[in-house]
Structures are given as structure tokens and as C-alpha cells.
Amino acid sequence: MDKLIIKGGRQLKGSVRISGAKNAVLPIMAATILCPGDHRIDNVPSLRDVSTMGRLLEHIGYDVEADGSCAVIRSNGQNVTDAPYELVKTMRASVVVLGPLLARYGRARVSLPGGCAIGARPINMHLMALEKMGAKITLEEGYVVAEAKRLKGADIMFDIPTVTGTENVLMAASIADGVTRIENAAREPEVIDLADALVSMGAKIEGAGEGIITVEGVEGLKPLDYSVIPDRIEAGTFMAAVAMTKGDVILENCRVDHLDSIVDKLRSSGVEFSDEKEGLRVKMNRRPLSQNIRTMPYPGFPTDMQAQLMALMSIAEGTSVITESIFENRFMHVAEIKRFGADITIEGSTATIRGVRSLKGAPVMATDLRASASLVIGGLGAVGETTIDRIYHLDRGYESIETKLTALGADINRSKG
Ligand code: EPU
């Protein structure tokens, strides 16, 4: 298994280009199921999750070609409506093929994604919504089997906003018969990006980014030609790394309007931000000030940035309190960050972080994608050497992370194993 070896204590300096958003490109790739033809997607990051979605589409009956950051996807007429366990188990986001497969072919058989390191992560709300749209759903040997001759528009109310649940309904409703109204819809930028991509295909969607989305089903869509938004979580991760190393870095291709809650916390901890011709300049000159953070659905502070901010707060002046309110088990990184000498205690869904002056390099183990990012941030700030094991988690969601960090002056190397 590959490892990352970091010699900490180097300031990050220079410019880095933010890649396309993982959580936007995955549902947008799934949206190509909705109509035949040659689809083109730009600003596609080169990530393991993107290759997994490519393999899933190939399994379903698509040819997927990647050329740099452009992906061309075309149907080869096979039309298998099955998403097997082997692919779904490696990537929960595979569940976003359920809505489009069912809407287009009248049938879908998708492996239940099951729990993962960060929590149980059920898909009951996805299924409830599709049932309301007229699907007959059964669970057979670990698979969701959904059938409907043609889905019908419906009024759907989510108990809590679900990102991929909203995305499944958006795609299914785009070619359903009649109007679908989604209340308490997720408002994340990735949901808006999917809606924009669908609208560019001819879908009639209003209200994406607001709590209520209305979709008027159309008879058919046209192929996609779309460029995905930059990854706000990758941008936020670099911001935290710059703050950790008292660096000075320009983030190119960054949508700062998607980063308000992250920028707010970092700014009050002492990070300086300024707009430059080339992008957003992020600069830190001091020991960070402690912050209290509660993760919330967008536009609140994202759960996908909780671990990275915790790594930063571990060296803050003062005590920080971080509450995780989205996933029940997203503190797996705590035990690892403590190996750097951090002083953190957990009680239920709240972590109390008493800032220490400095961290010391240590052998640590990645447990999930964002936890891995927090360990990279810890390692960059720590004195001495850090080895991060199981970094395959990192490759799922961060494009060329060690190349990008090396270009900014970090001492980081991959040891193949
Ligand atoms: N939930 C249910 N039932 C459902 C669906 C969700 O109870 O049917 C619960 C979840 O267990 C969770 C909450 O609702 O407590 C919100 O989960 P959501 O459905 O919004 O999460 P998701 O769609 O599975 C996406 C991202 C995650 C990100 C979350 C929250 C993608 C592919 N994944 O997951 O990204 O953490 O939204 O913002 O978009 C990551 O990139 O590292 C990652 C985990």
C-alpha cells in the first residue's frame, strides 16, 4: 500500500490550480445516462472516484474516454441497468445512477451502498422519493430493484437535506411525466451544478440552490457539453494547509462564493484573503486563533472540511469546540491527529481541542478521504517526519496532491508499496 512521507515545517508558497469538483462531476457523469448521444464534460479531475464512475458507466453500456480533463461518454447501446456490488462498495456515490437508470430504462438494480467509516449513511430518503414518483421498489439480496414504466412528477419533502438524494430526484424528474417539487432540497453548489448541467441538456428546473426546487419533466434531453465547477473542498483544504504552514499561496480556478463559511472561520482565526488577478491569495502570518465550529448543510460549515479545520485548530491559541452534526462517526481522524501531540477530547458529537504550540511528526493512518487530508495538513505543520499509511483514501478525492504540494515547496513523497 502506498504511503506518504512528509518532512514538516516548510511554508507553502506559490500558486496552485484547483481541480474540478469531485462531488459535482460524479452525478454529472451519471446524468449522461438520461439520453443517448455523445456527451462531453470538461474540468474533470483525475481521481479514483471518477475512474470508478467511468467503470460503472462502462458496465452499464457506455464508452468512456478521458483526454486530460475532458471526458467523452457515449452509449454503445448495451443498456445494462445493473450497478454491481463490486463497484458500489468502493464508492457510495455510485447510488446516483439509480434515478437516471430508472427514469430512462424503467428499471434499475443497484447494490445497496451499505455503511462506511463515517457513518451508516442510509438511502431511505432516495427510495421514498422514487416511490412517490411511482416506482415499485424491492430489496433483493443486497440490491435495490426499482421499476416504473414512466416515473410521474410528485411532491417530495425530505426530512433532512440530502445531497445525492436531491441529485437522484433531479435527474429522475427531468424526464418524468409532470411536475416534481422537492422541499427541503440540498442547496450545495454541487447540486446547483448538476441542475445547471441538466438545464443545458434541456431540462426545466427552477430553484436549485434554494430550499424548494421545481422540475417540469420533458420528453427527452440532448447530450451534455458542460464544464464542472472547481472543487470547494479541495480549495478549503489548501487554505487550511497554508494556514498551518504560515504560507502565502494563490488559489487559481477557485469559486470563493462557494467558500463563505470556510473563509469566515479561517479569517477569524487570522488568515488573510485578497483577490488578485491570478486568483484568491491566502496568507497567514500568525499562530491561528481558536474557533468554534458546527457542521451544517450548505451554506453552513461543510462536514467535508471538519477534519482539516480540526488539524489546524490543534495548534491554535485557545480552545476550540467542533461539533459534527451531519455524520455520526466522523471523528476517526481524532486518534490519529493526537499522535502528532494534539490535545483533543471527544464527547458524543463534540470535540474539544486545546491548542498546543506545535505538533511532532508521527506515523499515522488514513481512515477516510477527508481524514487523510487532515493528516496531510498535520504532517505539513509538524516538526520532523510523518508517514501516512493507507493513502488510497486520498487518491479518491484529491488530484495529484503531492505534486501540487511539492510545487508549493512542501517536502512530501510517495513510497509505493
Ligand atoms: N441520510 C439519511 N437517509 C438518506 C440520505 C441521507 O438518513 O436517504 C442522512 C445521512 O446519513 C446524513 C445526512 O442525511 O446524516 C446527509 O447526508 P447526504 O445524503 O447529504 O450525504 P451524501 O449525499 O451521501 C454527499 C457527499 C459527501 C458529503 C455529504 C454531506 C457526494 C458524492 N458525497 O454525501 O461527501 O459529506 O454529501 O455534505 O456528493 C466526501 O466528499 O468526502 C463526502 C463524504
# chains A, B, ... in the order shown; residues from 1 in each chain; ligands from 1

call {"tool": "residues_near_ligand", "arguments": {"ligand": "ligand 1", "cutoff": "7 Å", "atoms": "only C-alpha atoms and all ligand atoms", "output": "list in words"}}
result
Asn23, Ala24, Leu26, Ala93, Gly119, Ala120, Arg121, Pro122, Ile123, Asn124, Met125, His126, Ile160, Pro161, Thr162, Val163, Thr164, Gly165, Pro297, Pro302, Thr303, Asp304, Ile326, Phe327, Leu369, Arg370 and Gly397 of chain A

call {"tool": "write_last_selection", "arguments": {"atoms": "C-alpha atoms", "output": "mmCIF file, in the first residue's frame"}}
result
data_model
loop_
_atom_site.group_PDB
_atom_site.id
_atom_site.type_symbol
_atom_site.label_atom_id
_atom_site.label_comp_id
_atom_site.auth_asym_id
_atom_site.auth_seq_id
_atom_site.Cartn_x
_atom_site.Cartn_y
_atom_site.Cartn_z
ATOM 1 C CA ASN A 23 -18.900 15.719 -5.884
ATOM 2 C CA ALA A 24 -20.149 17.669 -8.900
ATOM 3 C CA LEU A 26 -19.853 12.226 -10.274
ATOM 4 C CA ALA A 93 -21.681 7.951 -4.767
ATOM 5 C CA GLY A 119 -21.468 6.527 9.430
ATOM 6 C CA ALA A 120 -24.393 4.298 8.499
ATOM 7 C CA ARG A 121 -25.422 6.526 5.598
ATOM 8 C CA PRO A 122 -28.804 5.043 4.678
ATOM 9 C CA ILE A 123 -30.566 5.802 1.352
ATOM 10 C CA ASN A 124 -34.138 5.589 2.670
ATOM 11 C CA MET A 125 -34.921 9.133 1.504
ATOM 12 C CA HIS A 126 -33.774 8.375 -2.065
ATOM 13 C CA ILE A 160 -33.228 16.477 6.208
ATOM 14 C CA PRO A 161 -31.493 17.823 3.106
ATOM 15 C CA THR A 162 -29.696 15.006 1.299
ATOM 16 C CA VAL A 163 -27.156 15.861 -1.401
ATOM 17 C CA THR A 164 -27.152 12.691 -3.503
ATOM 18 C CA GLY A 165 -30.861 12.124 -2.702
ATOM 19 C CA PRO A 297 -25.816 21.545 5.387
ATOM 20 C CA PRO A 302 -19.271 21.636 5.492
ATOM 21 C CA THR A 303 -18.701 18.306 7.192
ATOM 22 C CA ASP A 304 -16.162 17.642 4.424
ATOM 23 C CA ILE A 326 -24.143 15.517 9.735
ATOM 24 C CA PHE A 327 -22.449 12.143 10.208
ATOM 25 C CA LEU A 369 -10.909 10.749 2.418
ATOM 26 C CA ARG A 370 -11.179 13.944 4.460
ATOM 27 C CA GLY A 397 -10.730 12.732 -3.965
#

call {"tool": "select_by_dssp", "arguments": {"residues": "stretch 7-55 of chain A", "states": "helix (DSSP H, G or I)", "output": "JSON, numbers by chain"}}
result
{"A": [22, 23, 24, 25, 26, 27, 28, 29, 30, 31, 32, 33, 34, 48, 49, 50, 51, 52, 53, 54, 55]}

call {"tool": "atom_distance", "arguments": {"atom1": "atom CA of A:Arg287", "atom2": "atom CA of A:Met332"}}
result
25.3 Å

call {"tool": "closest_atom_pairs", "arguments": {"of": "stretch 183-273 of chain A", "to": "stretch 8-14 of chain A", "cutoff": "8 Å", "atoms": "only C-alpha atoms", "output": "Markdown table"}}
result
| residue | atom | partner | partner_atom | distance |
| --- | --- | --- | --- | --- |
| A:Ala241 | CA | A:Leu12 | CA | 7.8 |
| A:Val242 | CA | A:Leu12 | CA | 5.9 |
| A:Thr245 | CA | A:Gln11 | CA | 4.8 |
| A:Lys246 | CA | A:Gln11 | CA | 5.9 |
| A:Gly247 | CA | A:Leu12 | CA | 4.6 |
| A:Asp248 | CA | A:Lys13 | CA | 5.0 |
| A:Val249 | CA | A:Gly14 | CA | 4.9 |
| A:Ile250 | CA | A:Gly14 | CA | 6.3 |

call {"tool": "closest_residue", "arguments": {"among": "A:Leu309, A:Glu234, A:Gly178, A:Thr166", "to": "A:Glu399", "atoms": "only C-alpha atoms"}}
result
A:Glu234

call {"tool": "residues_around", "arguments": {"residues": "A:Thr214", "least_positions_apart": "3", "cutoff": "9 Å", "atoms": "only C-alpha atoms", "output": "PyMOL selection string"}}
result
chain A and resi 170+179-183+204-208

call {"tool": "write_last_selection", "arguments": {"atoms": "all heavy atoms", "output": "compact mmCIF listing (two decimals), in the first residue's frame"}}
result
# COMPACT_ATOMS: atom_id res chain seq x y z
N LEU A 170 -33.54 14.98 -8.92
CA LEU A 170 -33.41 15.96 -10.01
C LEU A 170 -33.28 15.26 -11.36
O LEU A 170 -33.93 15.63 -12.34
CB LEU A 170 -32.14 16.81 -9.81
CG LEU A 170 -32.22 18.04 -8.93
CD1 LEU A 170 -30.86 18.72 -8.89
CD2 LEU A 170 -33.27 18.99 -9.48
N VAL A 179 -44.84 17.47 -13.10
CA VAL A 179 -44.01 18.38 -12.30
C VAL A 179 -43.63 17.74 -10.96
O VAL A 179 -44.47 17.18 -10.26
CB VAL A 179 -44.78 19.71 -12.05
CG1 VAL A 179 -43.97 20.63 -11.14
CG2 VAL A 179 -45.08 20.39 -13.38
N THR A 180 -42.36 17.86 -10.61
CA THR A 180 -41.88 17.39 -9.30
C THR A 180 -41.46 18.59 -8.48
O THR A 180 -40.81 19.51 -8.99
CB THR A 180 -40.67 16.44 -9.49
OG1 THR A 180 -41.10 15.32 -10.25
CG2 THR A 180 -40.12 15.95 -8.16
N ARG A 181 -41.86 18.58 -7.21
CA ARG A 181 -41.49 19.68 -6.32
C ARG A 181 -40.70 19.06 -5.17
O ARG A 181 -41.20 18.15 -4.51
CB ARG A 181 -42.79 20.31 -5.83
CG ARG A 181 -42.62 21.62 -5.15
CD ARG A 181 -44.01 22.29 -5.04
NE ARG A 181 -43.89 23.53 -4.33
CZ ARG A 181 -43.94 23.65 -3.01
NH1 ARG A 181 -44.15 22.58 -2.28
NH2 ARG A 181 -43.81 24.82 -2.44
N ILE A 182 -39.46 19.51 -4.99
CA ILE A 182 -38.63 18.96 -3.91
C ILE A 182 -38.53 20.00 -2.80
O ILE A 182 -38.00 21.09 -3.01
CB ILE A 182 -37.20 18.62 -4.39
CG1 ILE A 182 -37.23 17.87 -5.72
CG2 ILE A 182 -36.44 17.83 -3.32
CD1 ILE A 182 -35.85 17.70 -6.35
N GLU A 183 -39.09 19.66 -1.63
CA GLU A 183 -38.99 20.57 -0.48
C GLU A 183 -37.86 20.12 0.43
O GLU A 183 -37.62 18.93 0.58
CB GLU A 183 -40.30 20.54 0.32
CG GLU A 183 -41.22 21.67 -0.09
CD GLU A 183 -42.43 21.73 0.83
OE1 GLU A 183 -42.27 22.12 1.99
OE2 GLU A 183 -43.51 21.35 0.34
N LYS A 204 -36.09 21.29 -17.43
CA LYS A 204 -36.72 22.51 -16.92
C LYS A 204 -36.70 22.48 -15.40
O LYS A 204 -37.53 21.81 -14.78
CB LYS A 204 -38.16 22.59 -17.43
CG LYS A 204 -38.22 22.79 -18.94
CD LYS A 204 -39.63 23.09 -19.37
CE LYS A 204 -39.67 23.38 -20.86
NZ LYS A 204 -41.02 23.28 -21.39
N ILE A 205 -35.73 23.17 -14.85
CA ILE A 205 -35.52 23.14 -13.39
C ILE A 205 -35.47 24.56 -12.85
O ILE A 205 -34.77 25.40 -13.41
CB ILE A 205 -34.19 22.43 -13.05
CG1 ILE A 205 -34.19 21.00 -13.60
CG2 ILE A 205 -33.93 22.43 -11.56
CD1 ILE A 205 -32.88 20.25 -13.44
N GLU A 206 -36.22 24.80 -11.80
CA GLU A 206 -36.15 26.12 -11.15
C GLU A 206 -35.92 25.97 -9.66
O GLU A 206 -36.46 25.06 -9.05
CB GLU A 206 -37.45 26.89 -11.39
CG GLU A 206 -37.35 27.67 -12.68
CD GLU A 206 -38.63 28.32 -13.09
OE1 GLU A 206 -39.46 28.62 -12.21
OE2 GLU A 206 -38.80 28.51 -14.31
N GLY A 207 -35.14 26.89 -9.11
CA GLY A 207 -34.97 26.94 -7.65
C GLY A 207 -33.76 26.19 -7.12
O GLY A 207 -33.59 26.11 -5.91
N ALA A 208 -32.90 25.66 -8.00
CA ALA A 208 -31.71 24.95 -7.48
C ALA A 208 -30.88 25.93 -6.67
O ALA A 208 -30.66 27.06 -7.09
CB ALA A 208 -30.89 24.37 -8.62

call {"tool": "closest_residue", "arguments": {"among": "A:Cys254, A:Cys116, A:Ile28, A:Ala373", "to": "A:Ile391", "atoms": "only C-alpha atoms"}}
result
A:Ala373

call {"tool": "residues_around", "arguments": {"residues": "A:Pro299", "least_positions_apart": "5", "cutoff": "12 Å", "atoms": "only C-alpha atoms", "output": "PDB file with N, CA and C atoms, in the first residue's frame"}}
result
ATOM      1  N   PRO A 161     -31.981  17.686   4.488  1.00  0.00           N
ATOM      2  CA  PRO A 161     -31.493  17.823   3.106  1.00  0.00           C
ATOM      3  C   PRO A 161     -30.458  16.736   2.800  1.00  0.00           C
ATOM      4  N   ALA A 186     -31.349  19.785  -0.874  1.00  0.00           N
ATOM      5  CA  ALA A 186     -29.978  20.196  -0.538  1.00  0.00           C
ATOM      6  C   ALA A 186     -29.616  21.396  -1.406  1.00  0.00           C
ATOM      7  N   ARG A 187     -28.847  22.331  -0.831  1.00  0.00           N
ATOM      8  CA  ARG A 187     -28.541  23.575  -1.538  1.00  0.00           C
ATOM      9  C   ARG A 187     -27.065  23.680  -1.905  1.00  0.00           C
ATOM     10  N   GLU A 188     -26.336  22.569  -1.798  1.00  0.00           N
ATOM     11  CA  GLU A 188     -24.893  22.584  -2.059  1.00  0.00           C
ATOM     12  C   GLU A 188     -24.602  23.029  -3.502  1.00  0.00           C
ATOM     13  N   PRO A 189     -23.459  23.712  -3.717  1.00  0.00           N
ATOM     14  CA  PRO A 189     -23.074  24.134  -5.068  1.00  0.00           C
ATOM     15  C   PRO A 189     -23.025  22.970  -6.062  1.00  0.00           C
ATOM     16  N   GLU A 190     -22.722  21.756  -5.565  1.00  0.00           N
ATOM     17  CA  GLU A 190     -22.646  20.603  -6.472  1.00  0.00           C
ATOM     18  C   GLU A 190     -24.035  20.228  -6.975  1.00  0.00           C
ATOM     19  N   GLY A 209     -30.463  25.508  -5.488  1.00  0.00           N
ATOM     20  CA  GLY A 209     -29.707  26.398  -4.597  1.00  0.00           C
ATOM     21  C   GLY A 209     -30.626  27.014  -3.544  1.00  0.00           C
ATOM     22  N   GLU A 210     -31.936  26.817  -3.740  1.00  0.00           N
ATOM     23  CA  GLU A 210     -32.895  27.279  -2.735  1.00  0.00           C
ATOM     24  C   GLU A 210     -33.517  26.038  -2.096  1.00  0.00           C
ATOM     25  N   GLY A 211     -34.328  26.245  -1.084  1.00  0.00           N
ATOM     26  CA  GLY A 211     -34.878  25.095  -0.361  1.00  0.00           C
ATOM     27  C   GLY A 211     -35.898  24.302  -1.174  1.00  0.00           C
ATOM     28  N   ASP A 257     -17.149  32.328  -3.862  1.00  0.00           N
ATOM     29  CA  ASP A 257     -18.557  32.449  -3.441  1.00  0.00           C
ATOM     30  C   ASP A 257     -19.106  31.115  -2.920  1.00  0.00           C
ATOM     31  N   HIS A 258     -18.416  30.011  -3.184  1.00  0.00           N
ATOM     32  CA  HIS A 258     -18.836  28.714  -2.643  1.00  0.00           C
ATOM     33  C   HIS A 258     -18.182  28.419  -1.295  1.00  0.00           C
ATOM     34  N   LEU A 259     -17.332  29.338  -0.837  1.00  0.00           N
ATOM     35  CA  LEU A 259     -16.473  29.033   0.313  1.00  0.00           C
ATOM     36  C   LEU A 259     -16.714  29.947   1.501  1.00  0.00           C
ATOM     37  N   ASP A 260     -17.854  30.654   1.510  1.00  0.00           N
ATOM     38  CA  ASP A 260     -18.100  31.678   2.538  1.00  0.00           C
ATOM     39  C   ASP A 260     -17.875  31.175   3.964  1.00  0.00           C
ATOM     40  N   SER A 261     -18.507  30.035   4.301  1.00  0.00           N
ATOM     41  CA  SER A 261     -18.449  29.595   5.699  1.00  0.00           C
ATOM     42  C   SER A 261     -17.023  29.181   6.092  1.00  0.00           C
ATOM     43  N   ILE A 262     -16.269  28.662   5.123  1.00  0.00           N
ATOM     44  CA  ILE A 262     -14.887  28.238   5.397  1.00  0.00           C
ATOM     45  C   ILE A 262     -13.996  29.472   5.538  1.00  0.00           C
ATOM     46  N   ASP A 264     -14.923  32.458   6.342  1.00  0.00           N
ATOM     47  CA  ASP A 264     -15.279  33.181   7.583  1.00  0.00           C
ATOM     48  C   ASP A 264     -14.501  32.638   8.782  1.00  0.00           C
ATOM     49  N   ARG A 294     -19.607  24.267  13.941  1.00  0.00           N
ATOM     50  CA  ARG A 294     -20.634  23.222  13.900  1.00  0.00           C
ATOM     51  C   ARG A 294     -20.890  22.918  12.425  1.00  0.00           C
TER      52      ARG A 294
END

call {"tool": "residues_around", "arguments": {"residues": "A:Arg92", "least_positions_apart": "2", "cutoff": "6 Å", "atoms": "only C-alpha atoms", "output": "list in words"}}
result
Val88, Ser94 and Pro113 of chain A

call {"tool": "closest_residue", "arguments": {"among": "A:Gly378, A:Pro27, A:Gly361, A:Gly300", "to": "A:Leu194", "atoms": "only C-alpha atoms"}}
result
A:Pro27

call {"tool": "select_by_dssp", "arguments": {"residues": "stretch 159-296 of chain A", "states": "strand (DSSP E)", "output": "number ranges by chain"}}
result
A: 179-183, 204-206, 213-216, 225-227, 248-252, 272-275, 280-283, 292-294

call {"tool": "closest_residue", "arguments": {"among": "A:Ile118, A:Ile315, A:Val25, A:Ala185", "to": "A:Asp159", "atoms": "only C-alpha atoms"}}
result
A:Ala185

call {"tool": "residues_around", "arguments": {"residues": "A:Ala146", "least_positions_apart": "3", "cutoff": "6 Å", "atoms": "only C-alpha atoms", "output": "PDB file with all heavy atoms, in the first residue's frame"}}
result
ATOM      1  N   ARG A 107     -36.159   0.550 -15.260  1.00  0.00           N
ATOM      2  CA  ARG A 107     -35.716  -0.463 -14.299  1.00  0.00           C
ATOM      3  C   ARG A 107     -34.284  -0.161 -13.862  1.00  0.00           C
ATOM      4  O   ARG A 107     -33.477   0.284 -14.681  1.00  0.00           O
ATOM      5  CB  ARG A 107     -35.753  -1.853 -14.937  1.00  0.00           C
ATOM      6  CG  ARG A 107     -35.353  -2.955 -13.988  1.00  0.00           C
ATOM      7  CD  ARG A 107     -35.337  -4.321 -14.675  1.00  0.00           C
ATOM      8  NE  ARG A 107     -35.032  -5.353 -13.702  1.00  0.00           N
ATOM      9  CZ  ARG A 107     -33.818  -5.683 -13.308  1.00  0.00           C
ATOM     10  NH1 ARG A 107     -32.772  -5.072 -13.818  1.00  0.00           N
ATOM     11  NH2 ARG A 107     -33.640  -6.643 -12.411  1.00  0.00           N
ATOM     12  N   ALA A 108     -34.016  -0.398 -12.590  1.00  0.00           N
ATOM     13  CA  ALA A 108     -32.633  -0.263 -12.125  1.00  0.00           C
ATOM     14  C   ALA A 108     -32.400  -1.269 -11.019  1.00  0.00           C
ATOM     15  O   ALA A 108     -33.295  -1.529 -10.206  1.00  0.00           O
ATOM     16  CB  ALA A 108     -32.387   1.144 -11.595  1.00  0.00           C
ATOM     17  N   LYS A 136     -41.839   1.080  -8.116  1.00  0.00           N
ATOM     18  CA  LYS A 136     -42.042  -0.046  -7.227  1.00  0.00           C
ATOM     19  C   LYS A 136     -40.634  -0.486  -6.797  1.00  0.00           C
ATOM     20  O   LYS A 136     -39.788  -0.781  -7.650  1.00  0.00           O
ATOM     21  CB  LYS A 136     -42.753  -1.167  -8.001  1.00  0.00           C
ATOM     22  CG  LYS A 136     -43.114  -2.348  -7.159  1.00  0.00           C
ATOM     23  CD  LYS A 136     -43.957  -3.325  -7.994  1.00  0.00           C
ATOM     24  CE  LYS A 136     -43.850  -4.713  -7.411  1.00  0.00           C
ATOM     25  NZ  LYS A 136     -42.639  -5.456  -7.794  1.00  0.00           N
ATOM     26  N   ILE A 137     -40.412  -0.466  -5.487  1.00  0.00           N
ATOM     27  CA  ILE A 137     -39.050  -0.755  -5.030  1.00  0.00           C
ATOM     28  C   ILE A 137     -39.027  -1.981  -4.135  1.00  0.00           C
ATOM     29  O   ILE A 137     -39.825  -2.098  -3.203  1.00  0.00           O
ATOM     30  CB  ILE A 137     -38.465   0.471  -4.298  1.00  0.00           C
ATOM     31  CG1 ILE A 137     -38.313   1.609  -5.320  1.00  0.00           C
ATOM     32  CG2 ILE A 137     -37.127   0.143  -3.640  1.00  0.00           C
ATOM     33  CD1 ILE A 137     -37.693   2.857  -4.842  1.00  0.00           C
TER      34      ILE A 137
END

call {"tool": "closest_residue", "arguments": {"among": "A:Asp368, A:Lys3, A:His39, A:Gly220", "to": "A:Thr90", "atoms": "only C-alpha atoms"}}
result
A:Asp368

call {"tool": "closest_residue", "arguments": {"among": "A:Gly134, A:Gly37, A:Pro230, A:Gly142", "to": "A:Leu112", "atoms": "only C-alpha atoms"}}
result
A:Gly142

call {"tool": "atom_distance", "arguments": {"atom1": "atom CA of A:Ala197", "atom2": "atom CA of A:Val144"}}
result
26.5 Å

call {"tool": "residues_around", "arguments": {"residues": "stretch 50-63 of chain A", "least_positions_apart": "3", "cutoff": "6 Å", "atoms": "only C-alpha atoms", "output": "list in words"}}
result
Leu47, Ile73, Arg74, Ser75, Asn76, Gln78, Asn79 and Val80 of chain A

call {"tool": "atom_distance", "arguments": {"atom1": "atom CA of A:Val364", "atom2": "atom CA of A:Phe331"}}
result
14.6 Å

call {"tool": "decode", "arguments": {"residues": "stretch 386-395 of chain A", "atoms": "all heavy atoms", "output": "mmCIF file, in the first residue's frame"}}
result
data_model
loop_
_atom_site.group_PDB
_atom_site.id
_atom_site.type_symbol
_atom_site.label_atom_id
_atom_site.label_comp_id
_atom_site.auth_asym_id
_atom_site.auth_seq_id
_atom_site.Cartn_x
_atom_site.Cartn_y
_atom_site.Cartn_z
ATOM 1 N N THR A 386 6.591 12.628 9.110
ATOM 2 C CA THR A 386 5.289 11.961 9.257
ATOM 3 C C THR A 386 5.137 10.950 8.133
ATOM 4 O O THR A 386 5.468 11.240 6.974
ATOM 5 C CB THR A 386 4.157 13.014 9.166
ATOM 6 O OG1 THR A 386 4.219 13.819 10.325
ATOM 7 C CG2 THR A 386 2.781 12.370 9.069
ATOM 8 N N THR A 387 4.657 9.768 8.478
ATOM 9 C CA THR A 387 4.348 8.776 7.435
ATOM 10 C C THR A 387 2.846 8.516 7.496
ATOM 11 O O THR A 387 2.313 8.183 8.563
ATOM 12 C CB THR A 387 5.076 7.445 7.724
ATOM 13 O OG1 THR A 387 6.436 7.753 7.957
ATOM 14 C CG2 THR A 387 4.983 6.489 6.552
ATOM 15 N N ILE A 388 2.175 8.692 6.368
ATOM 16 C CA ILE A 388 0.722 8.442 6.337
ATOM 17 C C ILE A 388 0.455 7.167 5.549
ATOM 18 O O ILE A 388 0.763 7.082 4.360
ATOM 19 C CB ILE A 388 -0.054 9.612 5.701
ATOM 20 C CG1 ILE A 388 0.364 10.948 6.340
ATOM 21 C CG2 ILE A 388 -1.564 9.396 5.842
ATOM 22 C CD1 ILE A 388 -0.341 12.161 5.747
ATOM 23 N N ASP A 389 -0.114 6.205 6.239
ATOM 24 C CA ASP A 389 -0.405 4.910 5.625
ATOM 25 C C ASP A 389 -1.841 4.923 5.053
ATOM 26 O O ASP A 389 -2.653 5.719 5.490
ATOM 27 C CB ASP A 389 -0.279 3.837 6.718
ATOM 28 C CG ASP A 389 0.092 2.495 6.124
ATOM 29 O OD1 ASP A 389 0.026 2.364 4.888
ATOM 30 O OD2 ASP A 389 0.451 1.592 6.904
ATOM 31 N N ARG A 390 -2.109 4.008 4.127
ATOM 32 C CA ARG A 390 -3.444 3.844 3.517
ATOM 33 C C ARG A 390 -3.918 5.094 2.780
ATOM 34 O O ARG A 390 -5.073 5.508 2.912
ATOM 35 C CB ARG A 390 -4.494 3.481 4.571
ATOM 36 C CG ARG A 390 -4.130 2.229 5.312
ATOM 37 C CD ARG A 390 -5.332 1.520 5.821
ATOM 38 N NE ARG A 390 -4.895 0.286 6.449
ATOM 39 C CZ ARG A 390 -5.606 -0.424 7.297
ATOM 40 N NH1 ARG A 390 -6.808 -0.020 7.620
ATOM 41 N NH2 ARG A 390 -5.152 -1.529 7.815
ATOM 42 N N ILE A 391 -3.017 5.675 1.990
ATOM 43 C CA ILE A 391 -3.405 6.935 1.346
ATOM 44 C C ILE A 391 -4.272 6.719 0.101
ATOM 45 O O ILE A 391 -4.606 7.665 -0.592
ATOM 46 C CB ILE A 391 -2.194 7.811 0.986
ATOM 47 C CG1 ILE A 391 -1.203 6.997 0.177
ATOM 48 C CG2 ILE A 391 -1.584 8.431 2.210
ATOM 49 C CD1 ILE A 391 -0.378 7.847 -0.715
ATOM 50 N N TYR A 392 -4.656 5.448 -0.146
ATOM 51 C CA TYR A 392 -5.583 5.254 -1.270
ATOM 52 C C TYR A 392 -6.856 6.059 -1.045
ATOM 53 O O TYR A 392 -7.523 6.458 -1.991
ATOM 54 C CB TYR A 392 -5.894 3.765 -1.505
ATOM 55 C CG TYR A 392 -6.403 3.028 -0.289
ATOM 56 C CD1 TYR A 392 -7.755 3.035 0.049
ATOM 57 C CD2 TYR A 392 -5.525 2.328 0.531
ATOM 58 C CE1 TYR A 392 -8.222 2.372 1.172
ATOM 59 C CE2 TYR A 392 -5.986 1.653 1.653
ATOM 60 C CZ TYR A 392 -7.329 1.676 1.971
ATOM 61 O OH TYR A 392 -7.786 1.031 3.082
ATOM 62 N N HIS A 393 -7.195 6.325 0.223
ATOM 63 C CA HIS A 393 -8.366 7.160 0.505
ATOM 64 C C HIS A 393 -8.203 8.555 -0.121
ATOM 65 O O HIS A 393 -9.143 9.125 -0.646
ATOM 66 C CB HIS A 393 -8.539 7.353 2.009
ATOM 67 C CG HIS A 393 -8.940 6.104 2.729
ATOM 68 N ND1 HIS A 393 -10.191 5.536 2.571
ATOM 69 C CD2 HIS A 393 -8.284 5.317 3.605
ATOM 70 C CE1 HIS A 393 -10.270 4.456 3.337
ATOM 71 N NE2 HIS A 393 -9.131 4.298 3.968
ATOM 72 N N LEU A 394 -6.971 9.064 -0.018
ATOM 73 C CA LEU A 394 -6.689 10.415 -0.514
ATOM 74 C C LEU A 394 -6.824 10.471 -2.035
ATOM 75 O O LEU A 394 -7.324 11.451 -2.598
ATOM 76 C CB LEU A 394 -5.248 10.758 -0.110
ATOM 77 C CG LEU A 394 -4.835 12.192 0.047
ATOM 78 C CD1 LEU A 394 -5.693 12.909 1.059
ATOM 79 C CD2 LEU A 394 -3.373 12.245 0.500
ATOM 80 N N ASP A 395 -6.379 9.401 -2.701
ATOM 81 C CA ASP A 395 -6.419 9.371 -4.167
ATOM 82 C C ASP A 395 -7.846 9.339 -4.702
ATOM 83 O O ASP A 395 -8.082 9.606 -5.868
ATOM 84 C CB ASP A 395 -5.641 8.157 -4.693
ATOM 85 C CG ASP A 395 -4.166 8.255 -4.335
ATOM 86 O OD1 ASP A 395 -3.678 9.390 -4.203
ATOM 87 O OD2 ASP A 395 -3.518 7.198 -4.180
#
